[in-house]
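Read the structure below first, then the notes.
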Number of protein chains: 2
Amino acid sequence: MAGIAEAPGRDAPEAQGRDAPEAQGVASDDLIELLFFAYRDFVGDPDRILAEYGFGRAHHRVLHFVVRYPGLTIAELLDILRITKQSLNRVLKDLIEQGYVEQKTGTSDRRQRLLFCTGAGADLAADLTRVQTRRVARALADRAEPTGASAASAHDFLLAMIEPDERAAVCRLMARRSRGTA
Amino acid sequence: MAGIAEAPGRDAPEAQGRDAPEAQGVASDDLIELLFFAYRDFVGDPDRILAEYGFGRAHHRVLHFVVRYPGLTIAELLDILRITKQSLNRVLKDLIEQGYVEQKTGTSDRRQRLLFCTGAGADLAADLTRVQTRRVARALADRAEPTGASAASAHDFLLAMIEPDERAAVCRLMARRSRGTA
DNA sequence: GATTTAAGTCAGTGTTGTTGACATATCTCA
DNA sequence: TGAGATATGTCAACAACACTGACTTAAATC
């Protein structure tokens, strides 16, 4: 039973004969739905912590990217989050005023405001990351394959789900973490 | 290069020596972020179609589940979406008034309102599903493994990401599609 | 010095979520 | 049959988070 009770479809492919859009065991249809449920629970974890601070998901997203990519500019953050300047400013102002994020004037270009987390910001971000990491790690461990293979597989799938034109930008961003802050 | 330009981490595991929280090639950290990007683009597709109808994501979610699980009750839908009755009623009212969804009084329990899509609702839902299915199918095809294996792998990962207590309910729901409407 | 760019700000609006209270119809069970 | 539980619908008020469009300031570029 694939490790999980009542796993549908793949364990009983003959049962979907009615109007199955695909001849495979797992239809893309089902993945759409599972992605909804997975994301629903995935964002649910940090929500509880955020509520204690009077913050919402928008604050979380900003904090997440600032702590992971110190020195991020406003323009970069806008491009990542795909929201308007107005929406970003609203939550960013909260985070700055309450001492979780700080801005420094850019050195090479003094028009830029480089974003950094304070100690408190890093602590909060770590709390939030912890619960999400726990869920992901457990999901990987719950599988039959070795955890490394599961992770690689999930990585490739999620990356491939990103708009092709955007993948390079995402990879470039994520590559920053292996190198310096530049 | 794993089929995708500039894939980070796994192809250069030695580069993450700094403060790597895990010794593996792909960190749970990165999956958190990829899930954000993947979901961002995943919901972006239908948004463009929905805008033409004056609908939003909330309408999409309702339509999706009603077309997939005809005869769904209000209580079931509330449990799936995890929103309040008020939030659901607002969008459901739009969909009913504009002829995309209809209600029928339950037969065994006349208090229940069973939800069904009209022809127009099914057509719209099909349009929305099409763009999302395309993205998922492409993501699966972009991988090195056979598509069936990729799909099974993605299925297991997403299912495992769901809150353990909820998995049985999700599986029970999804199993309806293989059987009758009951 | 003119133009462009990065960022900040204002006013107004829309969607989607929340709470809490209350009404109605129907079912269940004693 | 009557009491209570359940399924749904509805009201008013509110909050989070997104949008648009216009405008300002400071700094870079040419």
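Residues are referred to by chain and number: the chain letter is A, B, ... according to the order shown in the structure tokens, the number counts from 1 in that chain, and ligands are numbered separately from 1 in the order shown.
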Please identify all residues of chain B having at least one atom at most 7 Å from any atom of chain C, considering only C-alpha atoms (C1' of nucleotides), and return them as an MDAnalysis selection string. chainID B and resid 87 110:111
Contacts from chain D to chain B, 10 Å maximum, only C-alpha atoms (C1' of nucleotides): show me the residue list as an NGL selection string. :D and (6-10)
Neighbouring residues of Thr147 in chain B were defined as those with any atom within 10 Å, considering only C-alpha atoms (C1' of nucleotides); residues of the same chain fewer than 6 positions away were excluded. Please report them as an MDAnalysis selection string. (chainID A and resid 24 26) or (chainID B and resid 137:141 153)
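Within 6 Å of chain A, and using only C-alpha atoms, the residues found on chain B are Glu6, Pro8, Ala15, Gln16, Val26, Ser28, Leu34, Ala38, Asp41, Thr133, Val136, Ala139, Ala151, Leu158, Ala160, Met161, Ile162, Cys171, Ala175 and Ser178 of chain B.
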Take the residues from that selection and write them out as a PDB file, in the first residue's frame, keeping N, CA and C atoms.
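Everything below was put into result_36.pdb:
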ATOM      1  N   GLU B   6      21.628  25.232 -14.650  1.00  0.00           N
ATOM      2  CA  GLU B   6      22.021  25.813 -13.364  1.00  0.00           C
ATOM      3  C   GLU B   6      21.345  25.214 -12.138  1.00  0.00           C
ATOM      4  N   PRO B   8      20.899  23.974  -8.727  1.00  0.00           N
ATOM      5  CA  PRO B   8      21.770  24.251  -7.591  1.00  0.00           C
ATOM      6  C   PRO B   8      21.922  23.062  -6.661  1.00  0.00           C
ATOM      7  N   ALA B  15      29.833  22.530  -2.218  1.00  0.00           N
ATOM      8  CA  ALA B  15      29.845  23.994  -2.169  1.00  0.00           C
ATOM      9  C   ALA B  15      29.051  24.544  -0.983  1.00  0.00           C
ATOM     10  N   GLN B  16      28.314  23.670  -0.286  1.00  0.00           N
ATOM     11  CA  GLN B  16      27.439  24.188   0.753  1.00  0.00           C
ATOM     12  C   GLN B  16      27.990  23.939   2.161  1.00  0.00           C
ATOM     13  N   VAL B  26      20.303  17.784  -1.377  1.00  0.00           N
ATOM     14  CA  VAL B  26      19.184  18.726  -1.439  1.00  0.00           C
ATOM     15  C   VAL B  26      18.653  18.938  -0.032  1.00  0.00           C
ATOM     16  N   SER B  28      16.056  20.419   2.873  1.00  0.00           N
ATOM     17  CA  SER B  28      14.621  20.674   3.007  1.00  0.00           C
ATOM     18  C   SER B  28      14.334  22.163   2.823  1.00  0.00           C
ATOM     19  N   LEU B  34      11.364  26.179  -3.204  1.00  0.00           N
ATOM     20  CA  LEU B  34      10.888  25.728  -4.509  1.00  0.00           C
ATOM     21  C   LEU B  34       9.374  25.540  -4.507  1.00  0.00           C
ATOM     22  N   ALA B  38       7.006  27.158  -7.160  1.00  0.00           N
ATOM     23  CA  ALA B  38       6.177  26.266  -7.966  1.00  0.00           C
ATOM     24  C   ALA B  38       4.698  26.625  -7.799  1.00  0.00           C
ATOM     25  N   ASP B  41       3.685  29.956  -9.605  1.00  0.00           N
ATOM     26  CA  ASP B  41       3.438  29.842 -11.037  1.00  0.00           C
ATOM     27  C   ASP B  41       2.241  28.954 -11.336  1.00  0.00           C
ATOM     28  N   THR B 133      -2.950  21.256 -15.850  1.00  0.00           N
ATOM     29  CA  THR B 133      -2.520  19.918 -16.245  1.00  0.00           C
ATOM     30  C   THR B 133      -1.332  20.010 -17.194  1.00  0.00           C
ATOM     31  N   VAL B 136       1.779  20.589 -15.153  1.00  0.00           N
ATOM     32  CA  VAL B 136       2.186  19.392 -14.422  1.00  0.00           C
ATOM     33  C   VAL B 136       2.747  18.346 -15.386  1.00  0.00           C
ATOM     34  N   ALA B 139       6.110  19.297 -16.483  1.00  0.00           N
ATOM     35  CA  ALA B 139       7.070  19.123 -15.394  1.00  0.00           C
ATOM     36  C   ALA B 139       7.484  17.655 -15.285  1.00  0.00           C
ATOM     37  N   ALA B 151       5.689  10.769 -11.949  1.00  0.00           N
ATOM     38  CA  ALA B 151       4.355  11.067 -11.435  1.00  0.00           C
ATOM     39  C   ALA B 151       4.135  10.365 -10.103  1.00  0.00           C
ATOM     40  N   LEU B 158       3.914  14.676  -2.418  1.00  0.00           N
ATOM     41  CA  LEU B 158       2.856  15.627  -2.076  1.00  0.00           C
ATOM     42  C   LEU B 158       1.904  15.056  -1.033  1.00  0.00           C
ATOM     43  N   ALA B 160       2.652  12.896   1.197  1.00  0.00           N
ATOM     44  CA  ALA B 160       3.370  12.848   2.472  1.00  0.00           C
ATOM     45  C   ALA B 160       3.492  14.233   3.099  1.00  0.00           C
ATOM     46  N   MET B 161       3.350  15.265   2.285  1.00  0.00           N
ATOM     47  CA  MET B 161       3.416  16.634   2.801  1.00  0.00           C
ATOM     48  C   MET B 161       2.125  17.023   3.519  1.00  0.00           C
ATOM     49  N   ILE B 162       1.069  16.282   3.245  1.00  0.00           N
ATOM     50  CA  ILE B 162      -0.213  16.567   3.887  1.00  0.00           C
ATOM     51  C   ILE B 162      -0.165  16.140   5.349  1.00  0.00           C
ATOM     52  N   CYS B 171      -7.362  10.841   0.891  1.00  0.00           N
ATOM     53  CA  CYS B 171      -7.391   9.629   0.071  1.00  0.00           C
ATOM     54  C   CYS B 171      -8.810   9.121  -0.122  1.00  0.00           C
ATOM     55  N   ALA B 175     -10.577   8.862  -3.703  1.00  0.00           N
ATOM     56  CA  ALA B 175     -11.002   7.533  -4.148  1.00  0.00           C
ATOM     57  C   ALA B 175     -12.398   7.566  -4.754  1.00  0.00           C
ATOM     58  N   SER B 178     -12.744   7.182  -8.589  1.00  0.00           N
ATOM     59  CA  SER B 178     -12.627   5.872  -9.234  1.00  0.00           C
ATOM     60  C   SER B 178     -13.938   5.112  -9.150  1.00  0.00           C
TER      61      SER B 178
END
Close residues, Leu92 in chain B itself excluded, 10 Å, only C-alpha atoms (C1' of nucleotides), min 4 positions apart in chain, as a JSON list (two decimals) with N, CA, C and O atoms, in the first residue's frame:
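Written out: part_29.json:
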[["chain", "number", "residue", "atom", "x", "y", "z"],
["B", 58, "ALA", "N", -10.72, 31.85, -5.23],
["B", 58, "ALA", "CA", -11.68, 31.19, -4.36],
["B", 58, "ALA", "C", -12.76, 30.52, -5.21],
["B", 58, "ALA", "O", -13.20, 29.41, -4.91],
["B", 59, "HIS", "N", -13.19, 31.20, -6.27],
["B", 59, "HIS", "CA", -14.17, 30.61, -7.18],
["B", 59, "HIS", "C", -13.59, 29.36, -7.84],
["B", 59, "HIS", "O", -14.27, 28.36, -8.01],
["B", 62, "VAL", "N", -13.60, 26.29, -5.52],
["B", 62, "VAL", "CA", -14.94, 25.71, -5.38],
["B", 62, "VAL", "C", -15.32, 24.94, -6.63],
["B", 62, "VAL", "O", -15.74, 23.78, -6.57],
["B", 63, "LEU", "N", -15.12, 25.57, -7.77],
["B", 63, "LEU", "CA", -15.48, 24.94, -9.03],
["B", 63, "LEU", "C", -14.70, 23.63, -9.22],
["B", 63, "LEU", "O", -15.25, 22.61, -9.64],
["B", 74, "ILE", "N", -22.11, 21.05, 1.42],
["B", 74, "ILE", "CA", -21.49, 22.28, 1.92],
["B", 74, "ILE", "C", -20.48, 21.95, 3.01],
["B", 74, "ILE", "O", -19.36, 22.48, 3.01],
["B", 86, "GLN", "N", -19.09, 31.72, 5.72],
["B", 86, "GLN", "CA", -19.28, 33.03, 5.12],
["B", 86, "GLN", "C", -18.45, 33.19, 3.85],
["B", 86, "GLN", "O", -18.95, 33.64, 2.82],
["B", 87, "SER", "N", -17.19, 32.81, 3.94],
["B", 87, "SER", "CA", -16.28, 32.94, 2.79],
["B", 87, "SER", "C", -16.75, 32.06, 1.64],
["B", 87, "SER", "O", -16.73, 32.46, 0.48],
["B", 88, "LEU", "N", -17.17, 30.86, 2.00],
["B", 88, "LEU", "CA", -17.64, 29.95, 0.96],
["B", 88, "LEU", "C", -18.91, 30.47, 0.31],
["B", 88, "LEU", "O", -19.02, 30.50, -0.91],
["B", 96, "ILE", "N", -23.41, 30.19, -8.41],
["B", 96, "ILE", "CA", -24.78, 29.73, -8.61],
["B", 96, "ILE", "C", -25.58, 30.75, -9.42],
["B", 96, "ILE", "O", -26.23, 30.40, -10.40],
["B", 97, "GLU", "N", -25.47, 32.01, -9.01],
["B", 97, "GLU", "CA", -26.23, 33.06, -9.70],
["B", 97, "GLU", "C", -25.85, 33.17, -11.18],
["B", 97, "GLU", "O", -26.68, 33.51, -12.01],
["B", 98, "GLN", "N", -24.59, 32.92, -11.45],
["B", 98, "GLN", "CA", -24.13, 33.04, -12.84],
["B", 98, "GLN", "C", -24.20, 31.72, -13.60],
["B", 98, "GLN", "O", -23.70, 31.61, -14.72],
["B", 100, "TYR", "N", -23.02, 28.55, -13.02],
["B", 100, "TYR", "CA", -21.91, 27.59, -13.17],
["B", 100, "TYR", "C", -22.07, 26.40, -12.21],
["B", 100, "TYR", "O", -21.49, 25.35, -12.43],
["B", 101, "VAL", "N", -22.81, 26.62, -11.16],
["B", 101, "VAL", "CA", -23.00, 25.57, -10.16],
["B", 101, "VAL", "C", -24.48, 25.54, -9.80],
["B", 101, "VAL", "O", -25.15, 26.58, -9.82],
["B", 102, "GLU", "N", -24.99, 24.36, -9.48],
["B", 102, "GLU", "CA", -26.36, 24.31, -8.99],
["B", 102, "GLU", "C", -26.46, 23.40, -7.77],
["B", 102, "GLU", "O", -25.62, 22.54, -7.55],
["B", 115, "LEU", "N", -24.02, 19.79, -4.28],
["B", 115, "LEU", "CA", -23.52, 20.71, -5.30],
["B", 115, "LEU", "C", -23.15, 19.97, -6.59],
["B", 115, "LEU", "O", -22.51, 18.92, -6.55]]
Among the residues of range 9-174 of chain B, find those DSSP assigns to helix (DSSP H, G or I) from the backbone and print them as a ChimeraX atom specification. /B:13-16,28-53,57-68,74-81,85-97,119-141,147-161,164-174
Compile the contact shell of Pro46 in chain B as an mmCIF file with N, CA, C and O atoms, in the first residue's frame: residues with an atom at most 10 Å away, counting only C-alpha atoms (C1' of nucleotides), same-chain residues fewer than 6 positions apart removed.
data_model
loop_
_atom_site.group_PDB
_atom_site.id
_atom_site.type_symbol
_atom_site.label_atom_id
_atom_site.label_comp_id
_atom_site.auth_asym_id
_atom_site.auth_seq_id
_atom_site.Cartn_x
_atom_site.Cartn_y
_atom_site.Cartn_z
ATOM 1 N N GLY B 56 -12.198 34.847 -8.983
ATOM 2 C CA GLY B 56 -10.882 34.792 -8.345
ATOM 3 C C GLY B 56 -10.522 33.352 -8.011
ATOM 4 O O GLY B 56 -11.200 32.417 -8.418
ATOM 5 N N ARG B 57 -9.479 33.216 -7.250
ATOM 6 C CA ARG B 57 -9.005 31.882 -6.894
ATOM 7 C C ARG B 57 -9.997 31.126 -6.034
ATOM 8 O O ARG B 57 -10.084 29.896 -6.105
ATOM 9 N N HIS B 60 -12.326 29.471 -8.217
ATOM 10 C CA HIS B 60 -11.667 28.351 -8.872
ATOM 11 C C HIS B 60 -11.656 27.115 -7.986
ATOM 12 O O HIS B 60 -11.984 26.019 -8.422
ATOM 13 N N ALA B 125 -14.392 24.842 -15.820
ATOM 14 C CA ALA B 125 -13.472 24.040 -15.012
ATOM 15 C C ALA B 125 -12.461 23.312 -15.898
ATOM 16 O O ALA B 125 -11.281 23.209 -15.563
ATOM 17 N N ASP B 127 -11.364 24.308 -18.788
ATOM 18 C CA ASP B 127 -10.380 25.304 -19.253
ATOM 19 C C ASP B 127 -9.304 25.527 -18.196
ATOM 20 O O ASP B 127 -8.123 25.617 -18.514
ATOM 21 N N LEU B 128 -9.751 25.644 -16.981
ATOM 22 C CA LEU B 128 -8.824 25.918 -15.884
ATOM 23 C C LEU B 128 -7.915 24.718 -15.627
ATOM 24 O O LEU B 128 -6.710 24.871 -15.409
ATOM 25 N N THR B 129 -8.518 23.539 -15.661
ATOM 26 C CA THR B 129 -7.738 22.334 -15.430
ATOM 27 C C THR B 129 -6.704 22.143 -16.532
ATOM 28 O O THR B 129 -5.583 21.708 -16.283
ATOM 29 N N ARG B 130 -7.104 22.513 -17.746
ATOM 30 C CA ARG B 130 -6.213 22.312 -18.892
ATOM 31 C C ARG B 130 -4.856 22.990 -18.688
ATOM 32 O O ARG B 130 -3.815 22.368 -18.868
ATOM 33 N N VAL B 131 -4.893 24.253 -18.296
ATOM 34 C CA VAL B 131 -3.613 24.962 -18.161
ATOM 35 C C VAL B 131 -2.770 24.412 -17.015
ATOM 36 O O VAL B 131 -1.546 24.370 -17.105
ATOM 37 N N GLN B 132 -3.444 23.968 -15.983
ATOM 38 C CA GLN B 132 -2.679 23.427 -14.859
ATOM 39 C C GLN B 132 -2.144 22.040 -15.174
ATOM 40 O O GLN B 132 -1.029 21.698 -14.807
#
